[in-house]
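J.: Structure file entry38.cif (mmCIF, C-alpha atoms) is given on the next line.
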```cif
data_entry
loop_
_atom_site.group_PDB
_atom_site.id
_atom_site.type_symbol
_atom_site.label_atom_id
_atom_site.label_comp_id
_atom_site.auth_asym_id
_atom_site.auth_seq_id
_atom_site.Cartn_x
_atom_site.Cartn_y
_atom_site.Cartn_z
ATOM 1 C CA MET A 386 292.209 251.175 29.632
ATOM 2 C CA ASN A 387 290.687 248.259 27.750
ATOM 3 C CA ASP A 388 292.916 245.497 29.095
ATOM 4 C CA PRO A 389 292.586 243.853 32.512
ATOM 5 C CA PHE A 390 294.909 245.177 35.191
ATOM 6 C CA VAL A 391 296.787 242.704 37.392
ATOM 7 C CA ILE A 392 296.698 243.822 41.000
ATOM 8 C CA TYR A 393 298.447 240.789 42.466
ATOM 9 C CA GLU A 394 300.303 237.798 41.091
ATOM 10 C CA THR A 395 302.398 235.118 42.737
ATOM 11 C CA VAL A 396 304.145 231.828 42.153
ATOM 12 C CA HIS A 397 302.052 228.993 43.535
ATOM 13 C CA GLY A 398 302.118 225.180 43.559
ATOM 14 C CA SER A 399 305.145 223.053 44.390
ATOM 15 C CA ASN A 400 307.536 226.014 44.374
ATOM 16 C CA ALA A 401 305.403 227.792 46.956
ATOM 17 C CA TYR A 402 304.987 224.677 49.112
ATOM 18 C CA GLY A 403 308.717 223.927 49.154
ATOM 19 C CA LEU A 404 308.021 220.673 47.300
ATOM 20 C CA ALA A 405 309.549 221.482 43.904
ATOM 21 C CA ARG A 406 312.089 219.227 42.302
ATOM 22 C CA ALA A 407 314.019 219.337 39.073
ATOM 23 C CA GLY A 408 311.564 219.637 36.236
ATOM 24 C CA SER A 409 308.684 220.892 38.385
ATOM 25 C CA ASP A 410 306.350 223.309 36.625
ATOM 26 C CA VAL A 411 306.273 226.921 37.750
ATOM 27 C CA ASP A 412 302.631 227.701 38.547
ATOM 28 C CA VAL A 413 301.618 231.348 38.542
ATOM 29 C CA LYS A 414 298.257 232.723 39.643
ATOM 30 C CA GLY A 415 297.003 236.263 39.882
ATOM 31 C CA VAL A 416 294.084 238.602 40.500
ATOM 32 C CA MET A 417 292.945 241.146 37.923
ATOM 33 C CA ILE A 418 290.438 243.961 37.577
ATOM 34 C CA GLY A 419 288.910 244.294 34.149
ATOM 35 C CA PRO A 420 288.076 247.369 32.080
ATOM 36 C CA ALA A 421 284.827 249.268 32.652
ATOM 37 C CA ALA A 422 283.013 247.229 30.003
ATOM 38 C CA TRP A 423 283.342 244.119 32.169
ATOM 39 C CA TYR A 424 281.284 245.788 34.902
ATOM 40 C CA PHE A 425 278.988 248.192 33.062
ATOM 41 C CA GLY A 426 278.635 246.704 29.580
ATOM 42 C CA TRP A 427 276.063 244.133 28.570
ATOM 43 C CA THR A 428 278.622 241.541 27.399
ATOM 44 C CA GLY A 429 280.486 241.357 30.723
ATOM 45 C CA GLY A 430 283.886 239.744 31.003
ATOM 46 C CA PRO A 431 285.553 236.423 31.794
ATOM 47 C CA ASP A 432 285.765 234.930 35.279
ATOM 48 C CA GLN A 433 289.396 234.111 34.649
ATOM 49 C CA VAL A 434 292.037 234.217 31.943
ATOM 50 C CA ASP A 435 294.193 231.153 31.337
ATOM 51 C CA LEU A 436 297.416 232.405 29.789
ATOM 52 C CA SER A 437 298.702 228.812 29.871
ATOM 53 C CA PRO A 438 297.891 225.654 31.862
ATOM 54 C CA ASP A 439 300.307 226.941 34.528
ATOM 55 C CA HIS A 440 299.395 230.637 34.448
ATOM 56 C CA VAL A 441 295.924 231.709 35.558
ATOM 57 C CA ARG A 442 294.474 235.101 36.455
ATOM 58 C CA TYR A 443 291.190 235.372 38.360
ATOM 59 C CA GLU A 444 288.816 238.282 37.872
ATOM 60 C CA ILE A 445 288.599 239.937 41.273
ATOM 61 C CA ARG A 446 284.958 239.018 41.953
ATOM 62 C CA LYS A 447 285.610 235.343 41.264
ATOM 63 C CA PHE A 448 288.685 235.517 43.469
ATOM 64 C CA PHE A 449 286.644 236.965 46.341
ATOM 65 C CA ARG A 450 283.873 234.375 45.907
ATOM 66 C CA LEU A 451 286.325 231.496 46.040
ATOM 67 C CA ALA A 452 288.320 232.958 48.911
ATOM 68 C CA VAL A 453 285.192 233.644 50.997
ATOM 69 C CA ASP A 454 284.217 230.013 50.400
ATOM 70 C CA ALA A 455 287.664 228.900 51.683
ATOM 71 C CA ASN A 456 288.800 227.444 48.364
ATOM 72 C CA PRO A 457 292.267 226.083 49.245
ATOM 73 C CA THR A 458 294.057 227.206 46.084
ATOM 74 C CA VAL A 459 292.763 230.764 46.293
ATOM 75 C CA LEU A 460 293.324 231.181 50.039
ATOM 76 C CA GLU A 461 296.894 229.959 49.663
ATOM 77 C CA LEU A 462 297.691 232.678 47.122
ATOM 78 C CA MET A 463 297.462 235.345 49.812
ATOM 79 C CA TRP A 464 300.036 233.601 52.041
ATOM 80 C CA THR A 465 302.859 232.785 49.643
ATOM 81 C CA ARG A 466 306.297 234.107 50.581
ATOM 82 C CA PRO A 467 306.978 237.717 49.477
ATOM 83 C CA GLU A 468 309.909 236.640 47.320
ATOM 84 C CA LEU A 469 307.434 234.708 45.161
ATOM 85 C CA HIS A 470 305.245 237.739 44.484
ATOM 86 C CA ARG A 471 305.518 238.921 40.890
ATOM 87 C CA VAL A 472 303.050 241.794 41.014
ATOM 88 C CA VAL A 473 301.792 243.674 44.071
ATOM 89 C CA SER A 474 300.014 246.911 43.150
ATOM 90 C CA PRO A 475 298.579 249.266 45.788
ATOM 91 C CA ALA A 476 295.262 247.431 45.323
ATOM 92 C CA GLY A 477 297.134 244.163 45.801
ATOM 93 C CA GLU A 478 298.615 245.491 49.017
ATOM 94 C CA ARG A 479 295.113 246.247 50.294
ATOM 95 C CA LEU A 480 294.012 242.741 49.366
ATOM 96 C CA LEU A 481 296.912 241.144 51.251
ATOM 97 C CA ALA A 482 296.326 243.396 54.234
ATOM 98 C CA ALA A 483 292.762 242.070 54.440
ATOM 99 C CA ARG A 484 293.650 238.389 54.057
ATOM 100 C CA GLU A 485 292.910 237.431 57.673
ATOM 101 C CA GLY A 486 289.294 238.430 57.053
ATOM 102 C CA PHE A 487 288.856 235.584 54.587
ATOM 103 C CA LEU A 488 289.615 232.883 57.168
ATOM 104 C CA SER A 489 286.767 230.953 58.762
ATOM 105 C CA ARG A 490 285.817 227.516 59.977
ATOM 106 C CA ARG A 491 284.810 226.739 56.421
ATOM 107 C CA VAL A 492 288.386 225.573 55.900
ATOM 108 C CA ALA A 493 287.497 222.360 57.739
ATOM 109 C CA GLU A 494 284.951 221.348 55.136
ATOM 110 C CA ARG A 495 286.604 222.878 52.068
ATOM 111 C CA PHE A 496 290.169 221.697 52.653
ATOM 112 C CA GLY A 497 288.741 218.402 53.844
ATOM 113 C CA ARG A 498 286.663 218.054 50.687
ATOM 114 C CA TYR A 499 289.734 218.545 48.525
ATOM 115 C CA ALA A 500 291.640 216.017 50.602
ATOM 116 C CA LEU A 501 288.855 213.447 50.362
ATOM 117 C CA ALA A 502 288.691 214.014 46.600
ATOM 118 C CA GLN A 503 292.386 213.139 46.479
ATOM 119 C CA LEU A 504 291.747 210.019 48.578
ATOM 120 C CA LYS A 505 288.846 208.941 46.370
ATOM 121 C CA ARG A 506 291.030 209.324 43.294
ATOM 122 C CA ILE A 507 293.814 207.321 44.936
ATOM 123 C CA ARG A 508 291.431 204.520 45.902
ATOM 124 C CA THR A 509 289.893 204.365 42.435
ATOM 125 C CA HIS A 510 293.233 204.253 40.668
ATOM 126 C CA ARG A 511 294.537 201.668 43.132
ATOM 127 C CA SER A 512 291.520 199.444 42.470
ATOM 128 C CA TRP A 513 292.219 199.674 38.738
ATOM 129 C CA LEU A 514 295.861 198.788 39.348
ATOM 130 C CA LEU A 515 295.053 195.759 41.482
ATOM 131 C CA SER A 516 292.001 194.563 39.568
ATOM 132 C CA PRO A 517 291.679 196.239 36.162
ATOM 133 C CA PRO A 518 288.310 195.893 34.401
ATOM 134 C CA SER A 519 288.353 193.021 31.950
ATOM 135 C CA GLY A 520 286.129 194.660 29.372
ATOM 136 C CA ALA A 521 283.220 196.927 28.657
ATOM 137 C CA PRO A 522 280.056 196.108 30.629
ATOM 138 C CA THR A 523 277.227 194.452 28.742
ATOM 139 C CA ARG A 524 273.518 194.724 29.354
ATOM 140 C CA ALA A 525 273.311 190.945 29.696
ATOM 141 C CA GLN A 526 275.621 191.074 32.731
ATOM 142 C CA PHE A 527 272.917 193.086 34.505
ATOM 143 C CA GLY A 528 270.037 190.867 33.404
ATOM 144 C CA LEU A 529 268.862 193.426 30.860
ATOM 145 C CA PRO A 530 267.617 192.894 27.306
ATOM 146 C CA GLU A 531 269.880 194.054 24.498
ATOM 147 C CA ARG A 532 267.819 197.207 24.159
ATOM 148 C CA THR A 533 265.929 198.960 26.920
ATOM 149 C CA VAL A 534 262.212 198.316 26.941
ATOM 150 C CA ILE A 535 261.553 201.602 28.774
ATOM 151 C CA PRO A 536 261.353 204.772 26.654
ATOM 152 C CA ALA A 537 264.082 207.221 27.617
ATOM 153 C CA ASP A 538 261.667 209.957 28.715
ATOM 154 C CA GLN A 539 259.718 207.572 30.965
ATOM 155 C CA LEU A 540 262.955 206.198 32.392
ATOM 156 C CA ALA A 541 264.235 209.679 33.257
ATOM 157 C CA ALA A 542 260.917 210.766 34.782
ATOM 158 C CA ALA A 543 260.634 207.653 36.943
ATOM 159 C CA GLU A 544 264.250 207.961 38.073
ATOM 160 C CA ALA A 545 263.713 211.580 39.104
ATOM 161 C CA LEU A 546 260.602 210.768 41.135
ATOM 162 C CA LEU A 547 262.163 207.764 42.832
ATOM 163 C CA ASP A 548 265.360 209.697 43.624
ATOM 164 C CA GLU A 549 263.146 212.280 45.351
ATOM 165 C CA GLY A 550 261.480 209.493 47.337
ATOM 166 C CA ASP A 551 258.119 210.033 45.627
ATOM 167 C CA GLY A 552 257.327 206.413 44.792
ATOM 168 C CA GLU A 553 253.569 206.980 44.805
ATOM 169 C CA ALA A 554 253.788 209.707 42.173
ATOM 170 C CA ALA A 555 255.989 207.442 40.084
ATOM 171 C CA ASP A 556 253.198 204.822 40.208
ATOM 172 C CA VAL A 557 255.452 201.913 39.294
ATOM 173 C CA SER A 558 255.458 198.212 40.121
ATOM 174 C CA PRO A 559 258.190 196.417 42.074
ATOM 175 C CA ASN A 560 259.270 194.736 38.831
ATOM 176 C CA PHE A 561 259.711 198.129 37.196
ATOM 177 C CA ILE A 562 261.776 199.373 40.154
ATOM 178 C CA GLU A 563 264.041 196.321 39.877
ATOM 179 C CA LEU A 564 264.449 196.929 36.144
ATOM 180 C CA LEU A 565 265.168 200.574 36.817
ATOM 181 C CA ASN A 566 267.850 199.686 39.379
ATOM 182 C CA ARG A 567 269.512 197.362 36.885
ATOM 183 C CA GLU A 568 269.543 200.141 34.289
ATOM 184 C CA LYS A 569 271.150 202.489 36.820
ATOM 185 C CA ARG A 570 273.813 199.926 37.760
ATOM 186 C CA TYR A 571 274.546 199.370 34.078
ATOM 187 C CA LYS A 572 274.896 203.119 33.450
ATOM 188 C CA SER A 573 277.218 203.391 36.438
ATOM 189 C CA ALA A 574 279.365 200.544 35.124
ATOM 190 C CA GLN A 575 279.520 202.231 31.726
ATOM 191 C CA ALA A 576 280.690 205.465 33.343
ATOM 192 C CA GLN A 577 283.369 203.642 35.330
ATOM 193 C CA TRP A 578 284.576 201.891 32.163
ATOM 194 C CA ARG A 579 284.900 205.247 30.377
ATOM 195 C CA GLN A 580 286.772 206.719 33.352
ATOM 196 C CA TYR A 581 289.131 203.744 33.404
ATOM 197 C CA ASN A 582 289.955 204.114 29.717
ATOM 198 C CA ASP A 583 290.407 207.880 30.050
ATOM 199 C CA TRP A 584 292.820 207.195 32.903
ATOM 200 C CA LEU A 585 294.790 204.711 30.807
ATOM 201 C CA ARG A 586 295.042 207.113 27.876
ATOM 202 C CA ASN A 587 295.981 210.172 29.897
ATOM 203 C CA ARG A 588 298.213 208.756 32.613
ATOM 204 C CA ASN A 589 301.225 210.871 33.384
ATOM 205 C CA PRO A 590 304.323 208.646 32.944
ATOM 206 C CA ALA A 591 305.837 209.869 36.215
ATOM 207 C CA ARG A 592 302.575 209.188 38.072
ATOM 208 C CA SER A 593 302.357 205.755 36.450
ATOM 209 C CA ASP A 594 305.815 204.962 37.758
ATOM 210 C CA LEU A 595 304.836 205.973 41.300
ATOM 211 C CA GLU A 596 301.713 203.818 41.141
ATOM 212 C CA ALA A 597 303.659 200.844 39.803
ATOM 213 C CA ARG A 598 306.339 201.133 42.497
ATOM 214 C CA PHE A 599 304.194 201.879 45.538
ATOM 215 C CA GLY A 600 300.699 200.644 44.648
ATOM 216 C CA TYR A 601 299.138 204.106 44.733
ATOM 217 C CA ASP A 602 299.757 207.638 43.495
ATOM 218 C CA THR A 603 302.053 208.896 46.229
ATOM 219 C CA LYS A 604 302.034 212.441 44.845
ATOM 220 C CA HIS A 605 298.272 212.603 45.387
ATOM 221 C CA GLY A 606 298.927 211.114 48.822
ATOM 222 C CA MET A 607 301.433 213.851 49.627
ATOM 223 C CA HIS A 608 298.947 216.586 48.755
ATOM 224 C CA LEU A 609 296.182 214.856 50.702
ATOM 225 C CA VAL A 610 298.354 214.978 53.820
ATOM 226 C CA ARG A 611 299.340 218.592 53.122
ATOM 227 C CA LEU A 612 295.721 219.720 52.795
ATOM 228 C CA GLN A 613 294.639 218.048 56.008
ATOM 229 C CA ARG A 614 297.566 219.458 57.953
ATOM 230 C CA MET A 615 296.910 222.941 56.606
ATOM 231 C CA ALA A 616 293.258 222.701 57.628
ATOM 232 C CA LEU A 617 294.222 221.756 61.178
ATOM 233 C CA GLU A 618 296.836 224.523 61.399
ATOM 234 C CA ILE A 619 294.376 227.168 60.223
ATOM 235 C CA LEU A 620 291.684 226.019 62.639
ATOM 236 C CA ASP A 621 294.093 225.841 65.575
ATOM 237 C CA SER A 622 296.069 229.041 65.056
ATOM 238 C CA GLY A 623 294.732 230.950 62.072
ATOM 239 C CA THR A 624 298.095 230.377 60.384
ATOM 240 C CA VAL A 625 298.253 229.520 56.678
ATOM 241 C CA ASN A 626 301.584 227.773 56.178
ATOM 242 C CA VAL A 627 301.885 227.634 52.405
ATOM 243 C CA PHE A 628 305.629 227.038 52.574
ATOM 244 C CA ARG A 629 305.531 223.764 54.401
ATOM 245 C CA PRO A 630 307.666 223.358 57.525
ATOM 246 C CA ASP A 631 307.163 219.620 57.001
ATOM 247 C CA HIS A 632 308.239 219.691 53.348
ATOM 248 C CA GLU A 633 310.918 217.037 53.849
ATOM 249 C CA GLU A 634 308.403 214.590 55.337
ATOM 250 C CA LEU A 635 305.913 215.372 52.577
ATOM 251 C CA LEU A 636 308.538 214.660 49.935
ATOM 252 C CA ALA A 637 309.335 211.401 51.716
ATOM 253 C CA ILE A 638 305.642 210.459 51.481
ATOM 254 C CA ARG A 639 305.802 211.201 47.765
ATOM 255 C CA ASP A 640 308.821 208.890 47.594
ATOM 256 C CA GLY A 641 306.866 206.028 49.149
ATOM 257 C CA ALA A 642 307.652 206.400 52.857
ATOM 258 C CA TRP A 643 304.035 205.554 53.696
ATOM 259 C CA SER A 644 302.252 202.455 52.514
ATOM 260 C CA PHE A 645 298.720 202.809 51.240
ATOM 261 C CA ASP A 646 297.396 201.266 54.459
ATOM 262 C CA GLU A 647 299.343 203.777 56.538
ATOM 263 C CA LEU A 648 297.995 206.619 54.422
ATOM 264 C CA GLU A 649 294.447 205.392 55.075
ATOM 265 C CA VAL A 650 295.050 205.238 58.831
ATOM 266 C CA GLN A 651 296.703 208.650 59.001
ATOM 267 C CA THR A 652 293.978 210.228 56.874
ATOM 268 C CA ALA A 653 291.223 208.876 59.130
ATOM 269 C CA GLU A 654 293.012 210.053 62.272
ATOM 270 C CA MET A 655 293.574 213.515 60.846
ATOM 271 C CA ALA A 656 289.929 213.796 59.767
ATOM 272 C CA THR A 657 288.910 213.086 63.357
ATOM 273 C CA ARG A 658 291.278 215.771 64.634
ATOM 274 C CA ILE A 659 289.902 218.298 62.153
ATOM 275 C CA ASP A 660 286.333 217.506 63.229
ATOM 276 C CA ALA A 661 287.335 218.157 66.850
ATOM 277 C CA ALA A 662 289.306 221.312 66.038
ATOM 278 C CA VAL A 663 286.449 222.982 64.191
ATOM 279 C CA LEU A 664 284.299 222.787 67.333
ATOM 280 C CA VAL A 665 286.760 224.852 69.378
ATOM 281 C CA SER A 666 288.373 227.021 66.727
ATOM 282 C CA HIS A 667 288.553 230.756 67.407
ATOM 283 C CA LEU A 668 287.784 231.424 63.748
ATOM 284 C CA PRO A 669 284.288 232.677 62.866
ATOM 285 C CA PRO A 670 281.839 230.260 61.225
ATOM 286 C CA HIS A 671 282.111 232.300 58.036
ATOM 287 C CA PRO A 672 283.861 235.508 56.941
ATOM 288 C CA ASP A 673 282.268 238.948 57.232
ATOM 289 C CA GLU A 674 280.924 238.840 53.704
ATOM 290 C CA ALA A 675 279.514 242.373 53.807
ATOM 291 C CA ALA A 676 282.915 243.830 54.745
ATOM 292 C CA LEU A 677 284.682 241.857 52.034
ATOM 293 C CA ASP A 678 282.054 242.877 49.507
ATOM 294 C CA ARG A 679 282.731 246.521 50.375
ATOM 295 C CA LEU A 680 286.441 245.955 49.885
ATOM 296 C CA CYS A 681 285.848 244.372 46.477
ATOM 297 C CA VAL A 682 283.650 247.319 45.436
ATOM 298 C CA GLU A 683 286.246 249.813 46.634
ATOM 299 C CA LEU A 684 289.070 248.124 44.731
ATOM 300 C CA VAL A 685 287.116 247.980 41.486
ATOM 301 C CA ALA A 686 285.764 251.515 41.867
ATOM 302 C CA ALA A 687 289.201 252.957 42.624
ATOM 303 C CA HIS A 688 290.679 251.269 39.567
ATOM 304 C CA LEU A 689 287.911 252.513 37.282
ATOM 305 C CA GLY A 690 287.990 255.980 38.793
ATOM 306 C CA CYS A 691 284.377 255.821 39.939
#
```
Would you encode the structure as structure tokens?
T.:
Amino acid sequence: MNDPFVIYETVHGSNAYGLARAGSDVDVKGVMIGPAAWYFGWTGGPDQVDLSPDHVRYEIRKFFRLAVDANPTVLELMWTRPELHRVVSPAGERLLAAREGFLSRRVAERFGRYALAQLKRIRTHRSWLLSPPSGAPTRAQFGLPERTVIPADQLAAAEALLDEGDGEAADVSPNFIELLNREKRYKSAQAQWRQYNDWLRNRNPARSDLEARFGYDTKHGMHLVRLQRMALEILDSGTVNVFRPDHEELLAIRDGAWSFDELEVQTAEMATRIDAAVLVSHLPPHPDEAALDRLCVELVAAHLGC
């Protein structure tokens, strides 16, 4: 028994959401328990195994950590439709039977964080579409000499102290602070330039077409809306609707039914509703971590025959 054992595996992604179209990838994710060496040996084992970009298996402890923290992807795995399940061992059945215990008000922040990350990405890409950078930033544009006059170690130390609000310990003059701020703005501009060029090189042709037609990545917009709606549903009723009852509307959003301005308005309104829902939700502030830890121990111990 030297290979990991898959206790649960399911189709995830667009096929699970009801949002798949011709050519959509089939995403598969699972939970595994490793051999004894992963738990008792000094070398340990991996947190996850990526069989392909679309096929991932989480080691059970990582799965529990992410699920307890209300990671959207991991929580969703426990609520996919039974016909999408590829492996359900007796240990997997116990895991699914305990899925309600992973739900908490943390979904408001975690699902919301994922949604806001989508929105930030949309806004950034839209800004590049509407006003692409004209070229790499130069030090002269920020009123800086061609080469920094501050040694790198001094620059880093001063930045750290100032970021902590300890200006007295930094013992620097106003002129130095201004120079430091210019250096930081220049570094930020450099980072944005690199991100822009990475985006240009790695753009998915289908995504590029959506952005060109509608002025923003409507597929990201669709998932932003899905995440926010799922957060509200979980907070209101404790229901995790992976297969989306609103899948037709979500696909319409992907096809450009909402303008970027409408997406912004709807996102802000939904964020307000989520903030209100978390205050009255019947869900606990956090899961019973001790109980879930016991379950994890029992599943691993039973598999290893301990």
J.: I would like the residues chosen by the PyMOL selection byres ((chain A and resi 633) around 12) on the shown file; could you give them as an NGL selection string?
T.: :A and (402-406 or 607 or 611 or 628-632 or 634-640 or 642)
J.: Which one is closest to Tyr499 (chain A): A:Ala661, A:His605, A:Trp464, A:Ser519? Count only C-alpha atoms.
T.: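 Nearest to Tyr499 (chain A): A:His605.
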J.: Translate the PyMOL selection byres ((chain A and resi 677) around 12), as applied to the file shown, into an explicit residue set as a VMD selection string.
T.: chain A and resid 445 to 446 448 to 450 452 to 454 479 to 480 482 to 488 671 to 676 678 to 684
J.: Spell out the residues picked by the PyMOL selection byres ((chain A and resi 656) around 12) here, as a PyMOL selection string.
T.: chain A and resi 493-494+496-498+500-501+504+609-610+612-617+649-655+657-663
J.: Which residue out of A:Leu514, A:Val396, A:Ala521, A:Met417 has the minimum interatomic distance to Glu461 (chain A) when only C-alpha atoms are used?
T.: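 Answer, going by the shortest atom-to-atom distance: A:Val396.
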J.: Given all atoms listed in the file as the basis, pick out the residue of A:Asn582, A:Gly426, A:Phe645, A:Val492 nearest to Arg511 (chain A).
T.: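 The shortest atom-to-atom distance to Arg511 (chain A) comes from A:Phe645.
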J.: May I have the centre and edge lengths, in Å to one decimal, of an axis-aligned box around the listed atoms of region 400-407 of chain A with 8 Å added to every side, as JSON?
T.:
```
{"center_x": 309.5, "center_y": 223.5, "center_z": 44.1, "size_x": 25.0, "size_y": 24.6, "size_z": 26.1}
```
J.: Would you mind reading off the distance between CA of Gln580 (chain A) and CA of Asn566 (chain A), one decimal, in Å?
T.: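 Interatomic distance, CA of Gln580 (chain A) to CA of Asn566 (chain A): 21.1 Å.
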J.: Could you pull the residues within 8 Å of Leu529 (chain A), counting all atoms listed in the file, minus those fewer than 4 positions along the same chain, as a PyMOL selection string?
T.: chain A and resi 524-525+533+564+567-568
J.: Find, counting all atoms listed in the file, the residue in A:Leu689, A:Gly623, A:Phe390, A:Asp602 that gets nearest to Gln503 (chain A).
T.: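 Among the listed residues, the smallest separation from Gln503 (chain A) belongs to A:Asp602.
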J.: Residues within 9 Å of Glu444 (chain A), please, as a list in words. Count all atoms listed in the file; anything in the same chain fewer than 5 positions from it doesn't count.
T.: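 Skipping anything fewer than 5 positions along the chain leaves Pro389, Gly415, Val416, Met417, Ile418, Gly419, Gly430, Pro431, Asp432, Gln433, Val434 and Phe449 of chain A.
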J.: Quick one: pull the distance between CA of Thr458 (chain A) and CA of Asp435 (chain A), Å, one decimal.
T.: 15.3 Å
J.: Taking N, CA and C atoms as the atom set, what does region 480-503 of chain A look like once completed, written as a compact mmCIF listing (two decimals), in the frame of the given file?
T.:
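Resulting contents of out-v7.txt:
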```txt
# COMPACT_ATOMS: atom_id res chain seq x y z
N LEU A 480 294.55 244.11 49.33
CA LEU A 480 294.01 242.74 49.37
C LEU A 480 294.78 241.89 50.38
N LEU A 481 296.10 241.95 50.33
CA LEU A 481 296.91 241.14 51.25
C LEU A 481 296.72 241.60 52.69
N ALA A 482 296.53 242.88 52.88
CA ALA A 482 296.33 243.40 54.23
C ALA A 482 295.02 242.89 54.83
N ALA A 483 294.08 242.53 53.97
CA ALA A 483 292.76 242.07 54.44
C ALA A 483 292.65 240.55 54.48
N ARG A 484 293.74 239.85 54.25
CA ARG A 484 293.65 238.39 54.06
C ARG A 484 293.11 237.64 55.27
N GLU A 485 293.41 238.13 56.47
CA GLU A 485 292.91 237.43 57.67
C GLU A 485 291.39 237.37 57.68
N GLY A 486 290.75 238.38 57.06
CA GLY A 486 289.29 238.43 57.05
C GLY A 486 288.64 237.36 56.22
N PHE A 487 289.42 236.66 55.40
CA PHE A 487 288.86 235.58 54.59
C PHE A 487 288.82 234.24 55.33
N LEU A 488 289.51 234.15 56.46
CA LEU A 488 289.62 232.88 57.17
C LEU A 488 288.36 232.61 58.00
N SER A 489 287.92 231.37 57.96
CA SER A 489 286.77 230.95 58.76
C SER A 489 286.82 229.45 58.96
N ARG A 490 285.87 228.97 59.74
CA ARG A 490 285.82 227.52 59.98
C ARG A 490 285.46 226.73 58.73
N ARG A 491 285.09 227.43 57.68
CA ARG A 491 284.81 226.74 56.42
C ARG A 491 286.01 225.95 55.91
N VAL A 492 287.20 226.30 56.38
CA VAL A 492 288.39 225.57 55.90
C VAL A 492 288.29 224.09 56.25
N ALA A 493 287.61 223.77 57.35
CA ALA A 493 287.50 222.36 57.74
C ALA A 493 286.81 221.55 56.65
N GLU A 494 285.71 222.08 56.15
CA GLU A 494 284.95 221.35 55.14
C GLU A 494 285.61 221.46 53.77
N ARG A 495 286.08 222.67 53.42
CA ARG A 495 286.60 222.88 52.07
C ARG A 495 287.95 222.19 51.86
N PHE A 496 288.88 222.39 52.78
CA PHE A 496 290.17 221.70 52.65
C PHE A 496 289.95 220.19 52.77
N GLY A 497 289.04 219.82 53.69
CA GLY A 497 288.74 218.40 53.84
C GLY A 497 288.14 217.80 52.60
N ARG A 498 287.28 218.56 51.91
CA ARG A 498 286.66 218.05 50.69
C ARG A 498 287.72 217.80 49.62
N TYR A 499 288.66 218.74 49.49
CA TYR A 499 289.73 218.54 48.52
C TYR A 499 290.56 217.32 48.88
N ALA A 500 290.85 217.16 50.17
CA ALA A 500 291.64 216.02 50.60
C ALA A 500 290.91 214.71 50.31
N LEU A 501 289.62 214.67 50.61
CA LEU A 501 288.86 213.45 50.36
C LEU A 501 288.73 213.16 48.87
N ALA A 502 288.70 214.22 48.05
CA ALA A 502 288.69 214.01 46.60
C ALA A 502 290.00 213.35 46.15
N GLN A 503 291.10 213.78 46.77
CA GLN A 503 292.39 213.14 46.48
C GLN A 503 292.35 211.67 46.88
```
